[in-house]
file input_16.txt (compact mmCIF, N, CA and C atoms)
# COMPACT_ATOMS: atom_id res chain seq x y z
N MET A 1 -29.82 1.89 -26.23
CA MET A 1 -29.18 0.68 -25.76
C MET A 1 -27.74 0.55 -26.28
N PRO A 2 -27.45 0.80 -27.55
CA PRO A 2 -26.07 0.70 -28.04
C PRO A 2 -25.13 1.66 -27.30
N GLN A 3 -25.61 2.80 -26.86
CA GLN A 3 -24.80 3.77 -26.14
C GLN A 3 -24.33 3.17 -24.80
N LYS A 4 -25.21 2.44 -24.11
CA LYS A 4 -24.85 1.80 -22.84
C LYS A 4 -23.82 0.70 -23.07
N LEU A 5 -23.99 -0.08 -24.14
CA LEU A 5 -23.04 -1.14 -24.46
C LEU A 5 -21.66 -0.55 -24.76
N LYS A 6 -21.64 0.54 -25.49
CA LYS A 6 -20.39 1.21 -25.82
C LYS A 6 -19.70 1.71 -24.54
N LEU A 7 -20.47 2.27 -23.64
CA LEU A 7 -19.94 2.77 -22.37
C LEU A 7 -19.38 1.62 -21.53
N ILE A 8 -20.08 0.50 -21.47
CA ILE A 8 -19.62 -0.67 -20.72
C ILE A 8 -18.33 -1.20 -21.34
N PHE A 9 -18.28 -1.30 -22.64
CA PHE A 9 -17.08 -1.79 -23.34
C PHE A 9 -15.88 -0.89 -23.07
N ILE A 10 -16.07 0.40 -23.20
CA ILE A 10 -14.97 1.36 -22.96
C ILE A 10 -14.52 1.29 -21.50
N SER A 11 -15.46 1.17 -20.59
CA SER A 11 -15.11 1.06 -19.16
C SER A 11 -14.31 -0.20 -18.90
N ALA A 12 -14.73 -1.31 -19.50
CA ALA A 12 -14.02 -2.58 -19.30
C ALA A 12 -12.60 -2.50 -19.86
N VAL A 13 -12.43 -1.89 -21.02
CA VAL A 13 -11.11 -1.73 -21.62
C VAL A 13 -10.23 -0.85 -20.73
N CYS A 14 -10.78 0.22 -20.21
CA CYS A 14 -10.02 1.11 -19.32
C CYS A 14 -9.58 0.39 -18.04
N VAL A 15 -10.48 -0.35 -17.44
CA VAL A 15 -10.16 -1.11 -16.23
C VAL A 15 -9.06 -2.12 -16.53
N LEU A 16 -9.19 -2.83 -17.65
CA LEU A 16 -8.18 -3.80 -18.04
C LEU A 16 -6.82 -3.12 -18.25
N ALA A 17 -6.82 -1.97 -18.89
CA ALA A 17 -5.57 -1.23 -19.12
C ALA A 17 -4.93 -0.81 -17.80
N VAL A 18 -5.72 -0.36 -16.86
CA VAL A 18 -5.20 0.03 -15.55
C VAL A 18 -4.60 -1.18 -14.83
N VAL A 19 -5.27 -2.31 -14.89
CA VAL A 19 -4.77 -3.53 -14.24
C VAL A 19 -3.45 -3.96 -14.88
N ILE A 20 -3.35 -3.92 -16.19
CA ILE A 20 -2.12 -4.30 -16.88
C ILE A 20 -0.98 -3.36 -16.52
N VAL A 21 -1.23 -2.07 -16.51
CA VAL A 21 -0.20 -1.09 -16.15
C VAL A 21 0.24 -1.31 -14.71
N TRP A 22 -0.72 -1.51 -13.81
CA TRP A 22 -0.40 -1.76 -12.41
C TRP A 22 0.46 -3.02 -12.27
N ALA A 23 0.05 -4.11 -12.91
CA ALA A 23 0.77 -5.39 -12.79
C ALA A 23 2.16 -5.31 -13.39
N ASN A 24 2.33 -4.51 -14.44
CA ASN A 24 3.63 -4.42 -15.10
C ASN A 24 4.60 -3.48 -14.40
N PHE A 25 4.12 -2.41 -13.83
CA PHE A 25 5.02 -1.42 -13.24
C PHE A 25 5.05 -1.44 -11.72
N ILE A 26 3.92 -1.61 -11.10
CA ILE A 26 3.86 -1.59 -9.64
C ILE A 26 3.96 -3.00 -9.09
N GLY A 27 3.12 -3.89 -9.59
CA GLY A 27 3.17 -5.30 -9.20
C GLY A 27 2.90 -5.54 -7.74
N ILE A 28 3.49 -6.60 -7.25
CA ILE A 28 3.32 -7.00 -5.86
C ILE A 28 4.61 -6.70 -5.12
N ASN A 29 4.50 -5.92 -4.07
CA ASN A 29 5.64 -5.61 -3.22
C ASN A 29 5.36 -6.20 -1.85
N LYS A 30 6.34 -6.91 -1.31
CA LYS A 30 6.16 -7.39 0.06
C LYS A 30 7.49 -7.36 0.78
N THR A 31 7.40 -7.16 2.07
CA THR A 31 8.58 -7.14 2.92
C THR A 31 8.93 -8.56 3.32
N VAL A 32 10.20 -8.88 3.21
CA VAL A 32 10.71 -10.19 3.61
C VAL A 32 11.60 -9.99 4.82
N ASP A 33 11.39 -10.77 5.86
CA ASP A 33 12.21 -10.70 7.06
C ASP A 33 12.25 -12.10 7.67
N LYS A 34 13.32 -12.84 7.38
CA LYS A 34 13.40 -14.22 7.85
C LYS A 34 14.84 -14.66 7.99
N THR A 35 15.01 -15.75 8.71
CA THR A 35 16.30 -16.42 8.83
C THR A 35 16.10 -17.84 8.34
N VAL A 36 16.96 -18.27 7.42
CA VAL A 36 16.86 -19.61 6.84
C VAL A 36 18.09 -20.41 7.27
N GLN A 37 17.86 -21.58 7.85
CA GLN A 37 18.97 -22.46 8.19
C GLN A 37 19.44 -23.17 6.93
N VAL A 38 20.75 -23.28 6.77
CA VAL A 38 21.31 -23.92 5.59
C VAL A 38 22.41 -24.89 5.99
N ASN A 39 22.66 -25.85 5.11
CA ASN A 39 23.76 -26.79 5.27
C ASN A 39 24.95 -26.28 4.47
N ILE A 40 26.14 -26.35 5.05
CA ILE A 40 27.36 -25.89 4.41
C ILE A 40 28.23 -27.12 4.13
N TYR A 41 28.47 -27.40 2.85
CA TYR A 41 29.36 -28.49 2.44
C TYR A 41 30.67 -27.86 2.00
N GLU A 42 31.69 -27.90 2.86
CA GLU A 42 32.96 -27.24 2.58
C GLU A 42 33.87 -28.11 1.74
N GLU A 43 34.79 -27.47 1.08
CA GLU A 43 35.88 -28.08 0.32
C GLU A 43 35.54 -29.48 -0.18
N ASN A 44 36.19 -30.51 0.35
CA ASN A 44 35.96 -31.87 -0.13
C ASN A 44 35.05 -32.68 0.78
N ASP A 45 34.35 -32.02 1.70
CA ASP A 45 33.41 -32.73 2.57
C ASP A 45 32.26 -33.25 1.73
N LYS A 46 32.23 -34.55 1.53
CA LYS A 46 31.19 -35.11 0.68
C LYS A 46 29.90 -35.35 1.44
N PHE A 47 30.00 -35.69 2.72
CA PHE A 47 28.79 -36.00 3.46
C PHE A 47 28.69 -35.24 4.77
N LEU A 48 29.78 -34.62 5.20
CA LEU A 48 29.76 -33.86 6.44
C LEU A 48 29.39 -32.41 6.13
N TYR A 49 28.64 -31.82 6.99
CA TYR A 49 28.25 -30.43 6.77
C TYR A 49 28.04 -29.71 8.09
N LYS A 50 28.05 -28.40 8.02
CA LYS A 50 27.75 -27.53 9.16
C LYS A 50 26.36 -26.95 8.92
N ILE A 51 25.71 -26.55 9.99
CA ILE A 51 24.43 -25.85 9.87
C ILE A 51 24.67 -24.40 10.29
N GLN A 52 24.31 -23.47 9.41
CA GLN A 52 24.42 -22.04 9.71
C GLN A 52 23.19 -21.33 9.19
N ASP A 53 23.17 -20.00 9.30
CA ASP A 53 21.99 -19.21 8.93
C ASP A 53 22.28 -18.25 7.78
N ILE A 54 21.21 -17.93 7.07
CA ILE A 54 21.20 -16.82 6.13
C ILE A 54 20.09 -15.89 6.60
N THR A 55 20.44 -14.64 6.85
CA THR A 55 19.47 -13.64 7.27
C THR A 55 19.02 -12.86 6.05
N ILE A 56 17.71 -12.84 5.84
CA ILE A 56 17.13 -12.19 4.66
C ILE A 56 16.16 -11.12 5.15
N SER A 57 16.38 -9.88 4.73
CA SER A 57 15.52 -8.78 5.15
C SER A 57 15.52 -7.72 4.05
N GLY A 58 14.35 -7.47 3.48
CA GLY A 58 14.28 -6.47 2.41
C GLY A 58 12.95 -6.48 1.71
N ASN A 59 12.97 -6.06 0.45
CA ASN A 59 11.76 -5.91 -0.34
C ASN A 59 11.77 -6.86 -1.54
N PHE A 60 10.71 -7.65 -1.65
CA PHE A 60 10.51 -8.56 -2.77
C PHE A 60 9.49 -7.92 -3.69
N LYS A 61 9.79 -7.83 -4.98
CA LYS A 61 8.90 -7.19 -5.94
C LYS A 61 8.70 -8.11 -7.14
N LYS A 62 7.43 -8.31 -7.51
CA LYS A 62 7.10 -9.13 -8.66
C LYS A 62 6.13 -8.36 -9.55
N THR A 63 6.54 -8.19 -10.81
CA THR A 63 5.69 -7.57 -11.82
C THR A 63 5.51 -8.57 -12.96
N LEU A 64 4.77 -8.18 -13.98
CA LEU A 64 4.61 -9.07 -15.13
C LEU A 64 5.94 -9.32 -15.83
N SER A 65 6.82 -8.34 -15.81
CA SER A 65 8.06 -8.46 -16.57
C SER A 65 9.30 -8.78 -15.74
N SER A 66 9.22 -8.71 -14.40
CA SER A 66 10.42 -8.98 -13.60
C SER A 66 10.07 -9.40 -12.18
N THR A 67 11.04 -10.07 -11.57
CA THR A 67 10.94 -10.47 -10.16
C THR A 67 12.29 -10.17 -9.53
N SER A 68 12.27 -9.48 -8.38
CA SER A 68 13.55 -9.13 -7.75
C SER A 68 13.40 -8.99 -6.24
N PHE A 69 14.54 -9.05 -5.57
CA PHE A 69 14.64 -8.82 -4.14
C PHE A 69 15.79 -7.85 -3.93
N VAL A 70 15.60 -6.86 -3.07
CA VAL A 70 16.66 -5.93 -2.70
C VAL A 70 16.65 -5.81 -1.18
N GLY A 71 17.81 -6.04 -0.58
CA GLY A 71 17.92 -5.93 0.87
C GLY A 71 19.10 -6.72 1.40
N THR A 72 19.02 -7.09 2.66
CA THR A 72 20.08 -7.86 3.31
C THR A 72 19.95 -9.33 2.93
N PHE A 73 21.03 -9.93 2.50
CA PHE A 73 21.11 -11.37 2.25
C PHE A 73 22.44 -11.80 2.85
N ALA A 74 22.47 -11.90 4.18
CA ALA A 74 23.70 -12.12 4.93
C ALA A 74 23.91 -13.61 5.17
N ILE A 75 24.91 -14.15 4.49
CA ILE A 75 25.26 -15.57 4.61
C ILE A 75 26.29 -15.67 5.73
N GLU A 76 25.89 -16.24 6.86
CA GLU A 76 26.76 -16.32 8.03
C GLU A 76 28.13 -16.90 7.68
N TYR A 77 28.18 -17.90 6.84
CA TYR A 77 29.42 -18.56 6.45
C TYR A 77 30.33 -17.65 5.62
N ASP A 78 29.74 -16.74 4.87
CA ASP A 78 30.46 -15.88 3.93
C ASP A 78 30.48 -14.45 4.48
N GLU A 79 31.48 -14.16 5.34
CA GLU A 79 31.52 -12.91 6.10
C GLU A 79 31.32 -11.63 5.30
N PRO A 80 31.89 -11.47 4.11
CA PRO A 80 31.70 -10.20 3.39
C PRO A 80 30.23 -9.85 3.13
N THR A 81 29.36 -10.85 3.04
CA THR A 81 27.94 -10.59 2.79
C THR A 81 27.22 -10.07 4.02
N CYS A 82 27.89 -10.13 5.19
CA CYS A 82 27.27 -9.75 6.46
C CYS A 82 27.65 -8.34 6.93
N GLY A 83 28.46 -7.64 6.17
CA GLY A 83 28.92 -6.32 6.61
C GLY A 83 27.81 -5.29 6.72
N ASP A 84 28.01 -4.31 7.59
CA ASP A 84 27.05 -3.21 7.72
C ASP A 84 26.95 -2.46 6.41
N GLY A 85 25.75 -2.22 5.95
CA GLY A 85 25.53 -1.46 4.72
C GLY A 85 25.60 -2.28 3.45
N VAL A 86 25.88 -3.57 3.53
CA VAL A 86 25.93 -4.43 2.34
C VAL A 86 24.49 -4.77 1.94
N GLN A 87 24.14 -4.50 0.71
CA GLN A 87 22.81 -4.81 0.17
C GLN A 87 22.95 -5.79 -0.98
N ALA A 88 22.00 -6.69 -1.08
CA ALA A 88 21.99 -7.67 -2.16
C ALA A 88 20.82 -7.39 -3.08
N GLU A 89 21.01 -7.72 -4.35
CA GLU A 89 19.92 -7.69 -5.32
C GLU A 89 19.89 -9.04 -6.01
N ILE A 90 18.76 -9.73 -5.85
CA ILE A 90 18.56 -11.02 -6.51
C ILE A 90 17.51 -10.81 -7.59
N LYS A 91 17.80 -11.32 -8.79
CA LYS A 91 16.83 -11.24 -9.88
C LYS A 91 16.52 -12.64 -10.36
N TRP A 92 15.23 -12.87 -10.62
CA TRP A 92 14.77 -14.15 -11.14
C TRP A 92 14.51 -14.00 -12.63
N TYR A 93 15.02 -14.95 -13.40
CA TYR A 93 14.77 -15.04 -14.83
C TYR A 93 14.08 -16.37 -15.09
N ALA A 94 13.78 -16.68 -16.32
CA ALA A 94 13.02 -17.90 -16.64
C ALA A 94 13.70 -19.16 -16.10
N ASP A 95 15.01 -19.30 -16.30
CA ASP A 95 15.69 -20.54 -15.93
C ASP A 95 16.80 -20.37 -14.89
N TYR A 96 17.03 -19.17 -14.42
CA TYR A 96 18.14 -18.96 -13.49
C TYR A 96 17.93 -17.70 -12.68
N GLN A 97 18.79 -17.53 -11.67
CA GLN A 97 18.76 -16.34 -10.84
C GLN A 97 20.17 -15.75 -10.79
N THR A 98 20.23 -14.45 -10.51
CA THR A 98 21.53 -13.78 -10.33
C THR A 98 21.51 -13.04 -9.00
N ILE A 99 22.70 -12.83 -8.45
CA ILE A 99 22.82 -12.06 -7.22
C ILE A 99 23.99 -11.10 -7.35
N ASN A 100 23.77 -9.87 -6.95
CA ASN A 100 24.81 -8.85 -6.87
C ASN A 100 24.74 -8.22 -5.50
N PHE A 101 25.90 -7.87 -4.95
CA PHE A 101 25.96 -7.18 -3.68
C PHE A 101 26.46 -5.77 -3.92
N TYR A 102 25.91 -4.82 -3.17
CA TYR A 102 26.30 -3.42 -3.28
C TYR A 102 26.82 -2.95 -1.93
N TYR A 103 27.97 -2.28 -1.97
CA TYR A 103 28.53 -1.73 -0.75
C TYR A 103 29.35 -0.50 -1.09
N ALA A 104 29.03 0.60 -0.47
CA ALA A 104 29.77 1.86 -0.64
C ALA A 104 29.93 2.24 -2.12
N GLY A 105 28.88 2.08 -2.90
CA GLY A 105 28.88 2.50 -4.29
C GLY A 105 29.46 1.50 -5.27
N ASN A 106 29.97 0.40 -4.79
CA ASN A 106 30.52 -0.64 -5.66
C ASN A 106 29.63 -1.87 -5.66
N PHE A 107 29.70 -2.66 -6.72
CA PHE A 107 28.97 -3.91 -6.71
C PHE A 107 29.90 -5.07 -6.99
N THR A 108 29.51 -6.24 -6.47
CA THR A 108 30.34 -7.44 -6.57
C THR A 108 29.45 -8.66 -6.42
N HIS A 109 29.99 -9.82 -6.77
CA HIS A 109 29.33 -11.09 -6.49
C HIS A 109 29.93 -11.72 -5.24
N PHE A 110 30.91 -11.02 -4.64
CA PHE A 110 31.79 -11.58 -3.61
C PHE A 110 32.33 -12.87 -4.19
N ASP A 111 32.19 -13.99 -3.51
CA ASP A 111 32.76 -15.22 -4.07
C ASP A 111 31.66 -16.21 -4.48
N ILE A 112 30.49 -15.72 -4.82
CA ILE A 112 29.38 -16.58 -5.22
C ILE A 112 29.47 -16.85 -6.72
N VAL A 113 29.56 -18.13 -7.07
CA VAL A 113 29.66 -18.56 -8.46
C VAL A 113 28.27 -18.81 -9.04
N ASP A 114 27.37 -19.36 -8.23
CA ASP A 114 26.05 -19.75 -8.72
C ASP A 114 25.04 -19.65 -7.58
N ILE A 115 23.80 -19.29 -7.93
CA ILE A 115 22.72 -19.29 -6.95
C ILE A 115 21.46 -19.83 -7.62
N SER A 116 20.76 -20.63 -6.88
CA SER A 116 19.44 -21.13 -7.30
C SER A 116 18.54 -20.95 -6.08
N ILE A 117 17.49 -20.15 -6.21
CA ILE A 117 16.65 -19.83 -5.06
C ILE A 117 15.21 -19.66 -5.53
N ASP A 118 14.27 -20.19 -4.75
CA ASP A 118 12.86 -20.03 -5.12
C ASP A 118 12.37 -18.64 -4.70
N GLU A 119 11.20 -18.27 -5.20
CA GLU A 119 10.69 -16.93 -4.92
C GLU A 119 10.23 -16.75 -3.48
N LYS A 120 10.01 -17.83 -2.76
CA LYS A 120 9.70 -17.73 -1.32
C LYS A 120 10.97 -17.52 -0.51
N MET A 121 12.11 -17.70 -1.15
CA MET A 121 13.43 -17.53 -0.54
C MET A 121 13.61 -18.48 0.64
N GLU A 122 13.14 -19.72 0.45
CA GLU A 122 13.28 -20.74 1.47
C GLU A 122 14.08 -21.94 0.98
N ASN A 123 13.99 -22.24 -0.30
CA ASN A 123 14.66 -23.39 -0.89
C ASN A 123 15.75 -22.87 -1.82
N MET A 124 17.02 -23.13 -1.48
CA MET A 124 18.11 -22.51 -2.23
C MET A 124 19.37 -23.35 -2.26
N MET A 125 20.22 -23.04 -3.24
CA MET A 125 21.57 -23.58 -3.32
C MET A 125 22.49 -22.45 -3.78
N ILE A 126 23.59 -22.29 -3.07
CA ILE A 126 24.58 -21.27 -3.41
C ILE A 126 25.93 -21.98 -3.52
N VAL A 127 26.67 -21.71 -4.59
CA VAL A 127 27.99 -22.30 -4.78
C VAL A 127 29.03 -21.18 -4.71
N LEU A 128 30.05 -21.39 -3.88
CA LEU A 128 31.11 -20.40 -3.73
C LEU A 128 32.32 -20.80 -4.57
N GLU A 129 33.20 -19.84 -4.84
CA GLU A 129 34.38 -20.07 -5.68
C GLU A 129 35.26 -21.20 -5.19
N ASP A 130 35.35 -21.38 -3.87
CA ASP A 130 36.23 -22.42 -3.32
C ASP A 130 35.60 -23.82 -3.36
N GLY A 131 34.41 -23.95 -3.96
CA GLY A 131 33.75 -25.24 -4.06
C GLY A 131 32.76 -25.52 -2.96
N THR A 132 32.64 -24.61 -2.00
CA THR A 132 31.66 -24.78 -0.92
C THR A 132 30.26 -24.69 -1.51
N ILE A 133 29.40 -25.62 -1.08
CA ILE A 133 28.01 -25.62 -1.51
C ILE A 133 27.15 -25.34 -0.29
N ILE A 134 26.26 -24.37 -0.41
CA ILE A 134 25.36 -23.99 0.68
C ILE A 134 23.95 -24.29 0.20
N THR A 135 23.20 -25.11 0.96
CA THR A 135 21.84 -25.44 0.55
C THR A 135 20.89 -25.41 1.74
N SER A 136 19.63 -25.16 1.44
CA SER A 136 18.60 -25.36 2.45
C SER A 136 18.48 -26.87 2.64
N PRO A 137 18.05 -27.33 3.82
CA PRO A 137 18.05 -28.77 4.12
C PRO A 137 17.30 -29.64 3.10
N SER A 138 16.24 -29.16 2.53
CA SER A 138 15.45 -29.99 1.62
C SER A 138 15.87 -29.85 0.15
N TYR A 139 16.90 -29.06 -0.13
CA TYR A 139 17.30 -28.82 -1.51
C TYR A 139 18.06 -30.03 -2.06
N TYR A 140 17.66 -30.50 -3.22
CA TYR A 140 18.37 -31.59 -3.90
C TYR A 140 19.49 -30.99 -4.74
N ILE A 141 20.72 -31.39 -4.44
CA ILE A 141 21.87 -30.88 -5.19
C ILE A 141 21.99 -31.71 -6.46
N PRO A 142 21.87 -31.09 -7.64
CA PRO A 142 22.00 -31.85 -8.89
C PRO A 142 23.35 -32.57 -8.98
N ALA A 143 23.34 -33.76 -9.53
CA ALA A 143 24.54 -34.59 -9.62
C ALA A 143 25.69 -33.88 -10.34
N ASP A 144 25.38 -33.13 -11.41
CA ASP A 144 26.46 -32.47 -12.15
C ASP A 144 27.12 -31.38 -11.31
N ILE A 145 26.35 -30.68 -10.49
CA ILE A 145 26.93 -29.66 -9.59
C ILE A 145 27.80 -30.36 -8.54
N TRP A 146 27.28 -31.42 -7.95
CA TRP A 146 28.03 -32.14 -6.92
C TRP A 146 29.35 -32.66 -7.48
N LYS A 147 29.31 -33.26 -8.66
CA LYS A 147 30.53 -33.81 -9.27
C LYS A 147 31.51 -32.70 -9.62
N GLN A 148 30.99 -31.57 -10.10
CA GLN A 148 31.87 -30.46 -10.49
C GLN A 148 32.62 -29.89 -9.30
N TYR A 149 31.96 -29.77 -8.16
CA TYR A 149 32.58 -29.12 -7.01
C TYR A 149 33.06 -30.06 -5.92
N LYS A 150 32.55 -31.28 -5.91
CA LYS A 150 32.92 -32.22 -4.86
C LYS A 150 33.52 -33.51 -5.36
N GLY A 151 33.58 -33.69 -6.69
CA GLY A 151 34.05 -34.95 -7.26
C GLY A 151 35.54 -35.11 -7.23

call {"tool": "encode", "arguments": {"input": "input_16.txt", "output": "C-alpha cells"}}
result
Amino acid sequence: MPQKLKLIFISAVCVLAVVIVWANFIGINKTVDKTVQVNIYEENDKFLYKIQDITISGNFKKTLSSTSFVGTFAIEYDEPTCGDGVQAEIKWYADYQTINFYYAGNFTHFDIVDISIDEKMENMMIVLEDGTIITSPSYYIPADIWKQYKG
C-alpha cells in the first residue's frame, strides 16, 4: 500500500510541475482580430470629439509571469501607426501598460505618451504628445489626466 501512495504522490507532483511550466512559458495564446470605435478629443476640445477606429489584429499571450500583445494596433487618427509592416507590442504590468511600435528594424512610441488598456483590448485610453486623448466610449478619463492635457 505505501508503494501505491508514493506512486500517486510522485505522479501528482509531476503533473503539477508540468502545469506550472506550461502556464509560465506557454500560457494562453489567442488570436485577436477586432475594430474598436474610439472617441478623439483633440487639442483644447473639452467636450467635442470625433469617432474613429482602432484596428487590432495579432496574438495575445498570457503566462504566469507576463501578458503581451504583438500585432497590428492601427489608430486611424494617428497615421504612422497604420503603415504597412508596422507592428505593435503592448505589455501589461501590475499598474500600467506600455506600447512600442516596430517598423523596418526600428522601434518607437510614435507620439503616444500614455496608454491604459484592458486585457480584452476593448476599454482603453491613449494620450498623444499634442494633448489629444483617445478613449473607448465607456472609458472614464481620470480628472488629473483631463486637467493635465485639456485644462

call {"tool": "residues_around", "arguments": {"input": "input_16.txt", "residues": "region 28-42 of chain A", "least_positions_apart": "6", "cutoff": "7 Å", "atoms": "only C-alpha atoms", "output": "PyMOL selection string"}}
result
chain A and resi 48-63+122+131-137

call {"tool": "closest_residue", "arguments": {"input": "input_16.txt", "among": "A:Ile90, A:Asp130, A:Leu5, A:Ser68", "to": "Glu43 (chain A)", "atoms": "all atoms listed in the file"}}
result
A:Asp130

call {"tool": "axis_aligned_box", "arguments": {"input": "input_16.txt", "around": "region 106-118 of chain A", "padding_each_side": "4 Å", "output": "JSON"}}
result
{"center_x": 22.6, "center_y": -10.4, "center_z": -6.3, "size_x": 28.4, "size_y": 29.5, "size_z": 13.5}

call {"tool": "closest_residue", "arguments": {"input": "input_16.txt", "among": "A:Met124, A:Val13, A:Ile117, A:Ala74", "to": "Tyr96 (chain A)", "atoms": "only N, CA and C atoms"}}
result
A:Ile117

call {"tool": "residues_around", "arguments": {"input": "input_16.txt", "residues": "Phe110 (chain A)", "least_positions_apart": "4", "cutoff": "8 Å", "atoms": "only N, CA and C atoms", "output": "ChimeraX atom specification"}}
result
/A:80-81,99-101,128-129

call {"tool": "select_by_dssp", "arguments": {"input": "input_16.txt", "residues": "chain A", "states": "strand (DSSP E)", "output": "ChimeraX atom specification"}}
result
/A:28-41,50-62,67-75,87-92,97-103,106-108,112-117,124-128,133-135

call {"tool": "closest_residue", "arguments": {"input": "input_16.txt", "among": "A:Tyr77, A:Tyr103, A:Tyr139, A:Phe69", "to": "Lys91 (chain A)", "atoms": "only N, CA and C atoms"}}
result
A:Phe69

call {"tool": "atom_distance", "arguments": {"input": "input_16.txt", "atom1": "CA of Ser66 (chain A)", "atom2": "CA of Val86 (chain A)"}}
result
22.7 Å

call {"tool": "atom_distance", "arguments": {"input": "input_16.txt", "atom1": "CA of Ile115 (chain A)", "atom2": "atom N of Val127 (chain A)"}}
result
5.2 Å

call {"tool": "atom_distance", "arguments": {"input": "input_16.txt", "atom1": "CA of Trp92 (chain A)", "atom2": "atom N of Glu119 (chain A)"}}
result
8.1 Å

call {"tool": "residues_near_point", "arguments": {"input": "input_16.txt", "point": "(20.2, -7.4, -3.1)", "cutoff": "5 Å", "atoms": "only N, CA and C atoms", "output": "JSON, numbers by chain"}}
result
{"A": [69, 70, 71, 87, 88, 89, 90]}

call {"tool": "write_last_selection", "arguments": {"input": "input_16.txt", "atoms": "N, CA and C atoms", "output": "PDB file, keeping the file's coordinate frame"}}
result
ATOM      1  N   PHE A  69      14.540  -9.050  -5.570  1.00  0.00           N
ATOM      2  CA  PHE A  69      14.640  -8.820  -4.140  1.00  0.00           C
ATOM      3  C   PHE A  69      15.790  -7.850  -3.930  1.00  0.00           C
ATOM      4  N   VAL A  70      15.600  -6.860  -3.070  1.00  0.00           N
ATOM      5  CA  VAL A  70      16.660  -5.930  -2.700  1.00  0.00           C
ATOM      6  C   VAL A  70      16.650  -5.810  -1.180  1.00  0.00           C
ATOM      7  N   GLY A  71      17.810  -6.040  -0.580  1.00  0.00           N
ATOM      8  CA  GLY A  71      17.920  -5.930   0.870  1.00  0.00           C
ATOM      9  C   GLY A  71      19.100  -6.720   1.400  1.00  0.00           C
ATOM     10  N   GLN A  87      24.140  -4.500   0.710  1.00  0.00           N
ATOM     11  CA  GLN A  87      22.810  -4.810   0.170  1.00  0.00           C
ATOM     12  C   GLN A  87      22.950  -5.790  -0.980  1.00  0.00           C
ATOM     13  N   ALA A  88      22.000  -6.690  -1.080  1.00  0.00           N
ATOM     14  CA  ALA A  88      21.990  -7.670  -2.160  1.00  0.00           C
ATOM     15  C   ALA A  88      20.820  -7.390  -3.080  1.00  0.00           C
ATOM     16  N   GLU A  89      21.010  -7.720  -4.350  1.00  0.00           N
ATOM     17  CA  GLU A  89      19.920  -7.690  -5.320  1.00  0.00           C
ATOM     18  C   GLU A  89      19.890  -9.040  -6.010  1.00  0.00           C
ATOM     19  N   ILE A  90      18.760  -9.730  -5.850  1.00  0.00           N
ATOM     20  CA  ILE A  90      18.560 -11.020  -6.510  1.00  0.00           C
ATOM     21  C   ILE A  90      17.510 -10.810  -7.590  1.00  0.00           C
TER      22      ILE A  90
END
